[in-house]
$ cat query_35.tsv   # TSV, C-alpha atoms and all ligand atoms
chain	number	residue	atom	x	y	z
A	80	MET	CA	94.56	115.53	119.23
A	81	VAL	CA	93.97	111.84	118.72
A	82	ARG	CA	92.71	111.22	122.27
A	83	ASP	CA	95.76	112.38	124.25
A	84	LEU	CA	98.22	112.12	121.35
A	85	GLN	CA	99.14	115.51	119.90
A	86	ILE	CA	99.82	115.81	116.17
A	87	GLY	CA	101.44	119.04	115.07
A	88	ASN	CA	102.74	122.21	116.69
A	89	GLN	CA	105.54	120.45	118.56
A	90	ASN	CA	109.10	119.26	118.04
A	91	LYS	CA	107.97	115.71	117.43
A	92	VAL	CA	106.74	113.66	114.49
A	93	VAL	CA	104.21	110.97	115.39
A	94	ILE	CA	105.04	107.57	113.87
A	95	GLN	CA	102.35	105.38	112.40
A	96	THR	CA	101.94	102.28	110.30
A	97	MET	CA	99.14	100.12	108.93
A	98	ALA	CA	98.05	96.56	109.73
A	99	MET	CA	98.38	94.05	106.90
A	100	GLN	CA	95.66	91.60	107.91
A	101	LYS	CA	91.99	92.11	107.14
A	102	THR	CA	90.58	93.94	110.15
A	103	GLU	CA	87.92	91.33	110.91
A	104	ASN	CA	90.71	88.81	111.70
A	105	ILE	CA	90.80	90.08	115.24
A	106	ASP	CA	93.46	87.86	116.83
A	107	ALA	CA	95.91	88.38	113.99
A	108	VAL	CA	95.28	92.12	113.90
A	109	ILE	CA	95.70	92.47	117.67
A	110	GLU	CA	99.04	90.70	117.41
A	111	GLU	CA	100.04	93.07	114.63
A	112	ILE	CA	98.94	96.17	116.55
A	113	ASN	CA	100.84	95.17	119.68
A	114	THR	CA	103.97	94.25	117.72
A	115	TYR	CA	103.98	97.58	115.93
A	116	ALA	CA	103.39	99.48	119.17
A	117	THR	CA	106.44	97.82	120.75
A	118	HIS	CA	108.41	98.87	117.65
A	119	GLY	CA	107.44	102.51	118.02
A	120	ALA	CA	104.06	102.95	116.29
A	121	GLU	CA	101.88	105.45	118.14
A	122	LEU	CA	99.00	105.04	115.71
A	123	VAL	CA	98.01	101.95	113.74
A	124	ARG	CA	95.74	102.32	110.73
A	125	LEU	CA	93.24	99.64	109.76
A	126	ALA	CA	91.52	99.18	106.42
A	127	ILE	CA	87.77	99.15	106.97
A	128	LEU	CA	86.23	97.52	103.94
A	129	ASP	CA	82.90	96.24	105.19
A	130	GLU	CA	80.55	95.83	108.11
A	131	LYS	CA	82.60	93.00	109.65
A	132	ASP	CA	85.72	95.17	109.73
A	133	ALA	CA	83.79	98.06	111.27
A	134	GLU	CA	82.32	95.73	113.91
A	135	ALA	CA	85.79	94.34	114.71
A	136	ILE	CA	86.86	97.81	115.91
A	137	LYS	CA	84.76	97.42	119.05
A	138	VAL	CA	86.57	94.22	120.03
A	139	LEU	CA	89.98	95.58	119.04
A	140	LYS	CA	89.47	98.71	121.15
A	141	ALA	CA	88.54	96.53	124.12
A	142	ARG	CA	91.73	94.52	123.71
A	143	THR	CA	94.35	97.21	123.12
A	144	THR	CA	95.13	100.72	124.26
A	145	VAL	CA	97.01	101.50	121.03
A	146	LEU	CA	95.37	104.34	119.10
A	147	LEU	CA	93.63	103.13	115.94
A	148	VAL	CA	92.77	104.87	112.68
A	149	ALA	CA	90.00	103.62	110.37
A	150	ASP	CA	90.85	103.91	106.69
A	151	ILE	CA	87.59	104.22	104.79
A	152	HIS	CA	86.87	104.88	101.15
A	153	PHE	CA	83.53	106.36	100.14
A	154	ASP	CA	81.13	104.63	102.52
A	155	TYR	CA	79.89	107.04	105.17
A	156	ARG	CA	78.00	104.24	106.94
A	157	LEU	CA	81.27	102.46	107.65
A	158	ALA	CA	82.68	105.72	109.01
A	159	LEU	CA	79.68	106.11	111.31
A	160	LYS	CA	80.00	102.51	112.47
A	161	ALA	CA	83.74	102.92	113.10
A	162	ILE	CA	83.11	106.06	115.17
A	163	GLU	CA	80.32	104.36	117.10
A	164	ASN	CA	82.65	101.45	117.84
A	165	GLY	CA	85.32	103.65	119.37
A	166	ILE	CA	87.82	104.38	116.59
A	167	ASP	CA	90.29	107.14	117.50
A	168	LYS	CA	90.70	108.82	114.09
A	169	ILE	CA	89.37	108.28	110.61
A	170	ARG	CA	90.82	108.71	107.19
A	171	ILE	CA	88.17	109.54	104.64
A	172	ASN	CA	87.91	112.03	101.82
A	173	PRO	CA	84.69	114.00	102.22
A	174	GLY	CA	84.58	114.76	98.50
A	175	ASN	CA	84.24	111.03	97.81
A	176	ILE	CA	81.38	110.38	100.22
A	177	GLY	CA	78.64	111.75	97.96
A	178	LYS	CA	75.76	113.81	99.32
A	179	LYS	CA	76.69	116.58	101.70
A	180	ALA	CA	74.07	115.31	104.14
A	181	TYR	CA	76.09	112.12	104.49
A	182	VAL	CA	79.28	114.07	105.10
A	183	LYS	CA	77.44	116.04	107.76
A	184	LEU	CA	76.44	112.84	109.54
A	185	VAL	CA	80.11	111.79	109.68
A	186	VAL	CA	81.28	115.25	110.73
A	187	ASP	CA	78.65	115.49	113.48
A	188	ALA	CA	79.65	112.08	114.82
A	189	CYS	CA	83.32	113.12	114.78
A	190	LYS	CA	82.53	116.38	116.54
A	191	GLU	CA	80.58	114.58	119.23
A	192	LYS	CA	83.45	112.20	119.99
A	193	ASN	CA	86.38	114.51	119.20
A	194	ILE	CA	87.57	112.31	116.34
A	195	PRO	CA	89.97	113.92	113.84
A	196	ILE	CA	89.67	113.30	110.12
A	197	ARG	CA	92.63	112.77	107.83
A	198	ILE	CA	92.12	113.84	104.26
A	199	GLY	CA	94.36	111.64	102.14
A	200	VAL	CA	95.19	112.85	98.64
A	201	ASN	CA	97.12	110.42	96.47
A	202	ALA	CA	98.81	111.55	93.25
A	203	GLY	CA	97.79	108.27	91.64
A	204	SER	CA	94.08	108.89	92.08
A	205	LEU	CA	93.58	112.60	91.49
A	206	GLU	CA	90.20	113.85	90.31
A	207	LYS	CA	89.86	114.12	86.52
A	208	ASP	CA	89.15	117.86	86.53
A	209	PHE	CA	92.36	118.70	88.39
A	210	LEU	CA	94.34	116.29	86.23
A	211	ALA	CA	92.96	117.88	83.06
A	212	LEU	CA	93.76	121.40	84.22
A	213	HIS	CA	97.10	120.90	85.97
A	214	GLY	CA	98.32	117.36	85.22
A	215	LYS	CA	99.81	115.21	87.94
A	216	THR	CA	101.39	118.11	89.80
A	217	ALA	CA	101.79	119.48	93.29
A	218	LYS	CA	99.24	122.17	92.44
A	219	ALA	CA	96.62	119.59	91.43
A	220	MET	CA	97.24	117.66	94.63
A	221	VAL	CA	96.89	120.72	96.84
A	222	LEU	CA	93.73	121.82	94.99
A	223	SER	CA	92.29	118.37	95.52
A	224	ALA	CA	93.05	118.58	99.26
A	225	GLN	CA	91.53	122.09	99.29
A	226	ARG	CA	88.27	120.75	97.86
A	227	HIS	CA	87.99	118.24	100.70
A	228	VAL	CA	89.03	120.81	103.30
A	229	ASP	CA	86.40	123.26	102.02
A	230	ILE	CA	83.66	120.67	102.53
A	231	LEU	CA	84.73	120.05	106.14
A	232	GLU	CA	85.19	123.74	106.89
A	233	SER	CA	81.75	124.51	105.46
A	234	LEU	CA	80.44	122.20	108.18
A	235	ASP	CA	82.53	124.06	110.74
A	236	PHE	CA	84.91	121.14	111.16
A	237	LYS	CA	88.63	121.88	111.57
A	238	ASP	CA	89.96	118.83	113.36
A	239	ILE	CA	91.88	117.92	110.21
A	240	VAL	CA	95.13	116.26	109.16
A	241	ILE	CA	96.15	116.27	105.50
A	242	SER	CA	98.35	113.93	103.47
A	243	LEU	CA	99.44	114.37	99.86
A	244	LYS	CA	101.24	111.21	98.98
A	245	ALA	CA	103.04	110.45	95.76
A	246	SER	CA	105.29	107.63	94.74
A	247	GLU	CA	107.77	110.06	93.18
A	248	PRO	CA	109.81	111.77	95.93
A	249	GLN	CA	110.14	115.11	94.11
A	250	LEU	CA	106.39	115.37	93.51
A	251	ALA	CA	105.71	114.62	97.17
A	252	ILE	CA	108.28	117.21	98.27
A	253	ASP	CA	106.69	119.86	96.04
A	254	ALA	CA	103.17	118.97	97.16
A	255	TYR	CA	103.97	119.03	100.86
A	256	ARG	CA	105.89	122.31	100.55
A	257	LEU	CA	102.90	123.90	98.84
A	258	ALA	CA	100.52	122.37	101.37
A	259	ALA	CA	102.57	123.73	104.26
A	260	GLU	CA	102.17	127.22	102.77
A	261	THR	CA	98.47	126.71	102.02
A	262	PHE	CA	96.91	124.97	105.02
A	263	PRO	CA	96.98	125.69	108.75
A	264	TYR	CA	96.52	121.98	109.47
A	265	PRO	CA	99.04	119.30	110.48
A	266	LEU	CA	100.50	117.20	107.68
A	267	HIS	CA	100.86	113.45	107.53
A	268	ILE	CA	103.88	112.76	105.32
A	269	GLY	CA	104.83	109.70	103.33
A	270	ILE	CA	106.03	108.41	99.99
A	271	THR	CA	103.37	106.00	98.88
A	272	GLU	CA	104.02	102.69	97.17
A	273	ALA	CA	107.72	103.37	97.64
A	274	GLY	CA	108.65	99.78	96.79
A	275	PRO	CA	110.54	96.92	98.42
A	276	LEU	CA	112.85	97.34	101.41
A	277	ARG	CA	115.97	98.86	99.86
A	278	GLN	CA	114.41	100.95	97.10
A	279	GLY	CA	111.47	101.94	99.28
A	280	THR	CA	113.72	103.04	102.11
A	281	ILE	CA	115.87	105.16	99.83
A	282	LYS	CA	112.87	106.75	98.10
A	283	SER	CA	111.16	107.41	101.43
A	284	VAL	CA	114.24	109.09	102.83
A	285	ALA	CA	114.86	111.03	99.60
A	286	GLY	CA	111.31	112.37	99.76
A	287	MET	CA	110.88	112.95	103.46
A	288	ALA	CA	114.30	114.14	104.65
A	289	PRO	CA	114.02	117.53	102.88
A	290	LEU	CA	110.58	117.99	104.39
A	291	ILE	CA	111.59	117.05	107.90
A	292	GLU	CA	114.66	119.26	107.64
A	293	ALA	CA	112.35	122.14	106.69
A	294	GLY	CA	110.09	121.42	109.66
A	295	ILE	CA	107.29	119.99	107.48
A	296	GLY	CA	105.52	116.86	108.66
A	297	ASP	CA	103.72	116.17	111.91
A	298	THR	CA	103.08	112.48	111.51
A	299	ILE	CA	104.85	109.98	109.28
A	300	ARG	CA	104.26	106.65	107.64
A	301	VAL	CA	106.91	104.84	105.68
A	302	SER	CA	105.22	102.56	103.08
A	303	LEU	CA	107.27	99.54	102.10
A	304	SER	CA	106.51	96.22	100.45
A	305	ALA	CA	107.95	94.68	103.59
A	306	SER	CA	106.94	94.13	107.19
A	307	PRO	CA	105.58	97.20	108.97
A	308	VAL	CA	108.30	96.50	111.56
A	309	GLU	CA	110.80	97.45	108.83
A	310	GLU	CA	108.73	100.56	108.05
A	311	LEU	CA	108.92	101.58	111.68
A	312	LYS	CA	112.68	101.03	111.81
A	313	VAL	CA	113.11	103.28	108.78
A	314	ALA	CA	110.80	105.95	110.23
A	315	LYS	CA	112.61	105.92	113.57
A	316	THR	CA	116.07	106.02	112.02
A	317	LEU	CA	115.03	108.86	109.72
A	318	LEU	CA	113.63	110.91	112.59
A	319	SER	CA	116.58	110.05	114.80
A	320	SER	CA	118.89	111.49	112.12
A	321	PHE	CA	117.22	114.84	112.79
A	322	ASP	CA	117.21	114.35	116.58
A	323	LEU	CA	113.44	113.92	116.50
A	324	TYR	CA	113.50	110.42	117.92
A	325	GLU	CA	115.63	108.91	120.63
A	326	MET	CA	117.03	105.50	119.79
A	327	PRO	CA	120.36	103.65	119.89
A	328	LYS	CA	122.81	104.98	117.30
A	329	LEU	CA	125.57	102.83	115.88
A	330	ILE	CA	128.49	104.44	114.12
A	331	SER	CA	130.69	101.98	112.26
A	332	CYS	CA	133.40	102.57	109.72
A	333	PRO	CA	133.29	101.19	106.18
A	334	THR	CA	136.69	99.54	106.82
A	335	CYS	CA	139.77	99.91	104.65
A	336	GLY	CA	143.24	98.40	104.35
A	337	ARG	CA	143.98	99.44	107.94
A	338	LEU	CA	141.37	97.03	109.31
A	339	SER	CA	143.18	94.63	111.59
A	340	TYR	CA	140.45	92.41	113.07
A	341	ASP	CA	137.22	90.65	112.13
A	342	MET	CA	134.94	93.67	112.57
A	343	MET	CA	131.69	92.88	110.73
A	344	PRO	CA	130.44	90.14	113.14
A	345	ILE	CA	131.04	92.55	116.04
A	346	VAL	CA	129.07	95.29	114.25
A	347	LYS	CA	126.11	92.91	113.87
A	348	LYS	CA	126.27	91.70	117.47
A	349	VAL	CA	126.56	95.21	118.90
A	350	GLU	CA	123.72	96.48	116.69
A	351	ALA	CA	121.44	93.65	117.83
A	352	TYR	CA	122.38	94.20	121.48
A	353	ILE	CA	121.74	97.94	121.60
A	354	GLU	CA	118.46	97.58	119.70
A	355	GLU	CA	117.21	94.76	121.88
A	356	HIS	CA	118.17	96.50	125.10
A	357	LYS	CA	117.06	99.93	123.85
A	358	ILE	CA	120.36	101.53	124.78
A	359	ASN	CA	119.91	105.13	123.72
A	360	LEU	CA	123.61	105.89	123.40
A	361	THR	CA	125.81	106.56	120.40
A	362	VAL	CA	128.00	103.51	120.03
A	363	ALA	CA	130.92	103.10	117.61
A	364	VAL	CA	132.61	100.06	116.15
A	365	MET	CA	135.71	101.11	114.25
A	366	GLY	CA	138.25	99.17	112.25
A	367	CYS	CA	141.55	100.40	113.56
A	368	ALA	CA	143.18	102.06	116.52
A	369	VAL	CA	144.97	104.60	114.35
A	370	ASN	CA	141.90	106.55	113.27
A	371	GLY	CA	138.96	104.84	114.98
A	372	PRO	CA	138.73	106.61	118.35
A	373	GLY	CA	139.33	109.99	116.71
A	374	GLU	CA	136.82	109.48	113.91
A	375	ALA	CA	134.21	108.35	116.43
A	376	ARG	CA	135.06	111.04	118.95
A	377	ASP	CA	131.40	111.94	119.46
A	378	ALA	CA	130.35	108.41	120.33
A	379	ASP	CA	129.56	107.68	123.97
A	380	ILE	CA	131.50	104.44	123.77
A	381	GLY	CA	133.29	102.50	121.05
A	382	ILE	CA	135.55	99.68	119.98
A	383	ALA	CA	138.60	100.07	117.80
A	384	GLY	CA	140.34	96.96	116.56
A	385	GLY	CA	144.04	96.40	116.86
A	386	LYS	CA	146.40	93.51	116.25
A	387	LYS	CA	145.60	90.67	118.65
A	388	GLU	CA	143.79	93.14	120.89
A	389	GLY	CA	141.13	95.76	120.73
A	390	LEU	CA	140.64	99.10	122.36
A	391	ILE	CA	137.54	100.25	124.16
A	392	PHE	CA	137.21	103.99	124.19
A	393	VAL	CA	134.77	106.26	125.99
A	394	LYS	CA	134.11	109.78	124.62
A	395	GLY	CA	137.18	109.56	122.37
A	396	LYS	CA	139.58	108.43	125.13
A	397	ILE	CA	141.02	104.92	125.31
A	398	LYS	CA	139.80	103.20	128.45
A	399	ARG	CA	140.82	99.54	128.13
A	400	LYS	CA	142.95	97.25	125.99
A	401	VAL	CA	141.35	93.84	125.64
A	402	PRO	CA	142.41	90.61	123.88
A	403	GLN	CA	140.43	90.15	120.67
A	404	ALA	CA	138.62	87.07	121.99
A	405	ASP	CA	137.17	88.99	124.94
A	406	LEU	CA	136.46	92.22	123.09
A	407	TYR	CA	132.69	91.88	122.67
A	408	ASP	CA	132.00	90.69	126.22
A	409	VAL	CA	134.14	93.36	127.85
A	410	PHE	CA	132.59	95.98	125.60
A	411	ILE	CA	129.07	95.01	126.68
A	412	GLU	CA	130.22	95.17	130.31
A	413	GLU	CA	131.53	98.72	129.80
A	414	LEU	CA	128.43	99.68	127.81
A	415	ASN	CA	126.16	98.66	130.65
A	416	LYS	CA	128.11	100.84	133.06
A	417	LEU	CA	127.21	103.85	130.89
A	418	LYS	CA	123.60	102.87	130.14
A	419	LYS	CA	121.09	105.64	130.71
B	501	LIG	S1	138.51	103.50	111.23
B	501	LIG	FE1	140.42	102.66	110.46
B	501	LIG	S2	139.78	100.81	109.36
B	501	LIG	FE2	137.96	102.04	109.61
B	501	LIG	S3	137.84	103.22	107.70
B	501	LIG	FE3	138.86	104.51	109.25
B	501	LIG	S4	141.04	104.13	108.87
B	501	LIG	FE4	139.94	102.45	107.85

$ encode --input "query_35.tsv" --output "structure tokens"
Amino acid sequence: MVRDLQIGNQNKVVIQTMAMQKTENIDAVIEEINTYATHGAELVRLAILDEKDAEAIKVLKARTTVLLVADIHFDYRLALKAIENGIDKIRINPGNIGKKAYVKLVVDACKEKNIPIRIGVNAGSLEKDFLALHGKTAKAMVLSAQRHVDILESLDFKDIVISLKASEPQLAIDAYRLAAETFPYPLHIGITEAGPLRQGTIKSVAGMAPLIEAGIGDTIRVSLSASPVEELKVAKTLLSSFDLYEMPKLISCPTCGRLSYDMMPIVKKVEAYIEEHKINLTVAVMGCAVNGPGEARDADIGIAGGKKEGLIFVKGKIKRKVPQADLYDVFIEELNKLKK
């Protein structure tokens, strides 16, 4: 549990992202956090690099109810400060903290405040001994995670989430599959440094879809060299493809020689409308009346273009014939009658 947010052991994958601004820039970070929350982030991670960032957590927590995760490398004092200032979860690798006494201080503080720890293994920064023995492999990644887990368990701490991120989708798939067999803890899945919007989206989906389909993954972060809002859209659409997230769905045909009206502008307008108004229906925009309503039979409502007029169909049945010029407006009117 991150406060009252459950991770794992349920038919839901918690969506998270990470703020881009330095955490001490409180106003900018608050704006980011709130924007991401309205776009579906249930957890927002913050990089905690120094004392100022750790101090900022106190102010941030006073100004938002969004759950926050402190991402800390090495420095146990920053972890202690983040916990003291009200952080909801921390990401730190106990094996990188140094002396066990320091790890114990962090673990004790987490225990006292019920703060979970995410262990984050990254294929790009594996320990030398595992690399030498096993190379950059799923086995090396899981052994690395095991080393961190062992330290926490030796301190009787089990409030753990594990991630094993790689930039190569196949390596991530193998690592998470092995981790799911190895650990009893929830897994945070992601393809790290996946790249810019198009490539990063495709790599993220290539790596995470097989995992999600297999029931692996309890929380997700899509990592793109793009706005976190785009990351959240990709995460939501991916989960929605497996019925793990409820959001508007737009079915539209690729068009072909049967297309008999100007469809693409209508696709864009309908997509924007259902997203903005959070209409959790399956909506179709199809090119022709010959195949459209049949091909989009499962849609709650749809448009199929015809010559000089368009058809509006509901659950595969034609409901209205509308002149092309009025098609969009009448469609929105009919859509709103169905709105959940
Ligand atoms: S719905 Fe009509 S226009 Fe669109 S791809 Fe199918 S046949 Fe072609």

$ closest_residue --input "query_35.tsv" --among "A:Leu290, A:Ile358, A:Cys189, A:Ala258" --to "Ala158 of chain A" --atoms "all atoms listed in the file"
A:Cys189

$ atom_distance --input "query_35.tsv" --atom1 "atom CA of Asp154 of chain A" --atom2 "atom CA of Gly199 of chain A"
15.0 Å

$ residues_around --input "query_35.tsv" --residues "Ser242 of chain A" --least-positions-apart "2" --cutoff "12 Å" --atoms "all atoms listed in the file" --output "PyMOL selection string"
chain A and resi 170-172+196-202+220-221+223-225+227-228+239-240+244-245+251-252+254-259+262+264-271+295-300

$ closest_atom_pairs --input "query_35.tsv" --of "chain A" --to "ligand LIG 501 (chain B)" --cutoff "12 Å" --atoms "only C-alpha atoms and all ligand atoms" --output "tab-separated table"
residue	atom	partner	partner_atom	distance
A:Ile330	CA	B:LIG501	S1	10.5
A:Ser331	CA	B:LIG501	FE2	7.7
A:Cys332	CA	B:LIG501	FE2	4.6
A:Pro333	CA	B:LIG501	S3	5.2
A:Thr334	CA	B:LIG501	S3	4.0
A:Cys335	CA	B:LIG501	FE4	4.1
A:Gly336	CA	B:LIG501	FE4	6.3
A:Arg337	CA	B:LIG501	S2	4.6
A:Leu338	CA	B:LIG501	S2	4.1
A:Ser339	CA	B:LIG501	S2	7.4
A:Tyr340	CA	B:LIG501	S2	9.2
A:Asp341	CA	B:LIG501	S2	10.8
A:Met342	CA	B:LIG501	S2	9.2
A:Met343	CA	B:LIG501	FE2	11.2
A:Ala363	CA	B:LIG501	S1	9.9
A:Val364	CA	B:LIG501	S1	8.4
A:Met365	CA	B:LIG501	S1	4.8
A:Gly366	CA	B:LIG501	S2	3.7
A:Cys367	CA	B:LIG501	FE1	4.0
A:Ala368	CA	B:LIG501	FE1	6.7
A:Val369	CA	B:LIG501	FE1	6.3
A:Asn370	CA	B:LIG501	S1	5.0
A:Gly371	CA	B:LIG501	S1	4.0
A:Pro372	CA	B:LIG501	S1	7.8
A:Gly373	CA	B:LIG501	S1	8.5
A:Glu374	CA	B:LIG501	S1	6.8
A:Ala375	CA	B:LIG501	S1	8.3
A:Arg376	CA	B:LIG501	S1	11.3
A:Gly381	CA	B:LIG501	S1	11.2
A:Ile382	CA	B:LIG501	S1	10.0
A:Ala383	CA	B:LIG501	S1	7.4
A:Gly384	CA	B:LIG501	S2	8.2
A:Gly385	CA	B:LIG501	FE1	9.7

$ atom_distance --input "query_35.tsv" --atom1 "atom CA of Asp106 of chain A" --atom2 "atom CA of Glu355 of chain A"
25.2 Å

$ closest_atom_pairs --input "query_35.tsv" --of "segment 221-295 of chain A" --to "segment 174-183 of chain A" --cutoff "8 Å" --atoms "all atoms listed in the file" --output "Markdown table"
| residue | atom | partner | partner_atom | distance |
| --- | --- | --- | --- | --- |
| A:Arg226 | CA | A:Gly174 | CA | 7.1 |
| A:His227 | CA | A:Gly174 | CA | 5.3 |
| A:Ile230 | CA | A:Gly174 | CA | 7.2 |
| A:Leu234 | CA | A:Lys183 | CA | 6.9 |

$ closest_residue --input "query_35.tsv" --among "A:Val393, A:Ala161, A:Leu146, A:Val349" --to "Asp129 of chain A" --atoms "all atoms listed in the file"
A:Ala161

$ closest_residue --input "query_35.tsv" --among "A:Ile345, A:Ile166, A:Leu157, A:Leu360" --to "Leu406 of chain A" --atoms "all atoms listed in the file"
A:Ile345

$ atom_distance --input "query_35.tsv" --atom1 "atom CA of Lys140 of chain A" --atom2 "atom CA of Ile109 of chain A"
9.5 Å

$ closest_residue --input "query_35.tsv" --among "A:Ile105, A:Ile127, A:Lys237, A:Met97" --to "Ala141 of chain A" --atoms "all atoms listed in the file"
A:Ile105

$ decode --input "query_35.tsv" --residues "segment 299-311 of chain A" --atoms "N, CA and C atoms" --output "PDB file, in the first residue's frame"
ATOM      1  N   ILE A 299       2.970   0.728 -13.590  1.00  0.00           N
ATOM      2  CA  ILE A 299       3.598   0.921 -14.900  1.00  0.00           C
ATOM      3  C   ILE A 299       4.073   2.360 -15.055  1.00  0.00           C
ATOM      4  N   ARG A 300       5.239   2.489 -15.693  1.00  0.00           N
ATOM      5  CA  ARG A 300       5.641   3.808 -16.150  1.00  0.00           C
ATOM      6  C   ARG A 300       6.158   3.684 -17.576  1.00  0.00           C
ATOM      7  N   VAL A 301       5.584   4.476 -18.453  1.00  0.00           N
ATOM      8  CA  VAL A 301       6.101   4.552 -19.819  1.00  0.00           C
ATOM      9  C   VAL A 301       7.127   5.680 -19.814  1.00  0.00           C
ATOM     10  N   SER A 302       8.348   5.411 -20.321  1.00  0.00           N
ATOM     11  CA  SER A 302       9.424   6.424 -20.310  1.00  0.00           C
ATOM     12  C   SER A 302       9.690   6.911 -21.725  1.00  0.00           C
ATOM     13  N   LEU A 303       9.282   8.123 -22.012  1.00  0.00           N
ATOM     14  CA  LEU A 303       9.503   8.674 -23.351  1.00  0.00           C
ATOM     15  C   LEU A 303      10.305   9.964 -23.276  1.00  0.00           C
ATOM     16  N   SER A 304      11.047  10.248 -24.344  1.00  0.00           N
ATOM     17  CA  SER A 304      11.649  11.584 -24.468  1.00  0.00           C
ATOM     18  C   SER A 304      10.560  12.486 -25.040  1.00  0.00           C
ATOM     19  N   ALA A 305       9.559  12.701 -24.221  1.00  0.00           N
ATOM     20  CA  ALA A 305       8.397  13.519 -24.603  1.00  0.00           C
ATOM     21  C   ALA A 305       7.708  13.899 -23.305  1.00  0.00           C
ATOM     22  N   SER A 306       6.644  14.682 -23.414  1.00  0.00           N
ATOM     23  CA  SER A 306       5.955  15.103 -22.200  1.00  0.00           C
ATOM     24  C   SER A 306       5.402  13.893 -21.441  1.00  0.00           C
ATOM     25  N   PRO A 307       5.470  13.934 -20.102  1.00  0.00           N
ATOM     26  CA  PRO A 307       4.831  12.867 -19.333  1.00  0.00           C
ATOM     27  C   PRO A 307       3.345  12.707 -19.654  1.00  0.00           C
ATOM     28  N   VAL A 308       2.708  13.770 -20.152  1.00  0.00           N
ATOM     29  CA  VAL A 308       1.297  13.629 -20.549  1.00  0.00           C
ATOM     30  C   VAL A 308       1.189  12.594 -21.671  1.00  0.00           C
ATOM     31  N   GLU A 309       2.167  12.609 -22.580  1.00  0.00           N
ATOM     32  CA  GLU A 309       2.184  11.597 -23.651  1.00  0.00           C
ATOM     33  C   GLU A 309       2.438  10.208 -23.064  1.00  0.00           C
ATOM     34  N   GLU A 310       3.344  10.139 -22.072  1.00  0.00           N
ATOM     35  CA  GLU A 310       3.605   8.844 -21.417  1.00  0.00           C
ATOM     36  C   GLU A 310       2.314   8.277 -20.829  1.00  0.00           C
ATOM     37  N   LEU A 311       1.555   9.170 -20.195  1.00  0.00           N
ATOM     38  CA  LEU A 311       0.324   8.708 -19.541  1.00  0.00           C
ATOM     39  C   LEU A 311      -0.701   8.249 -20.572  1.00  0.00           C
TER      40      LEU A 311
END
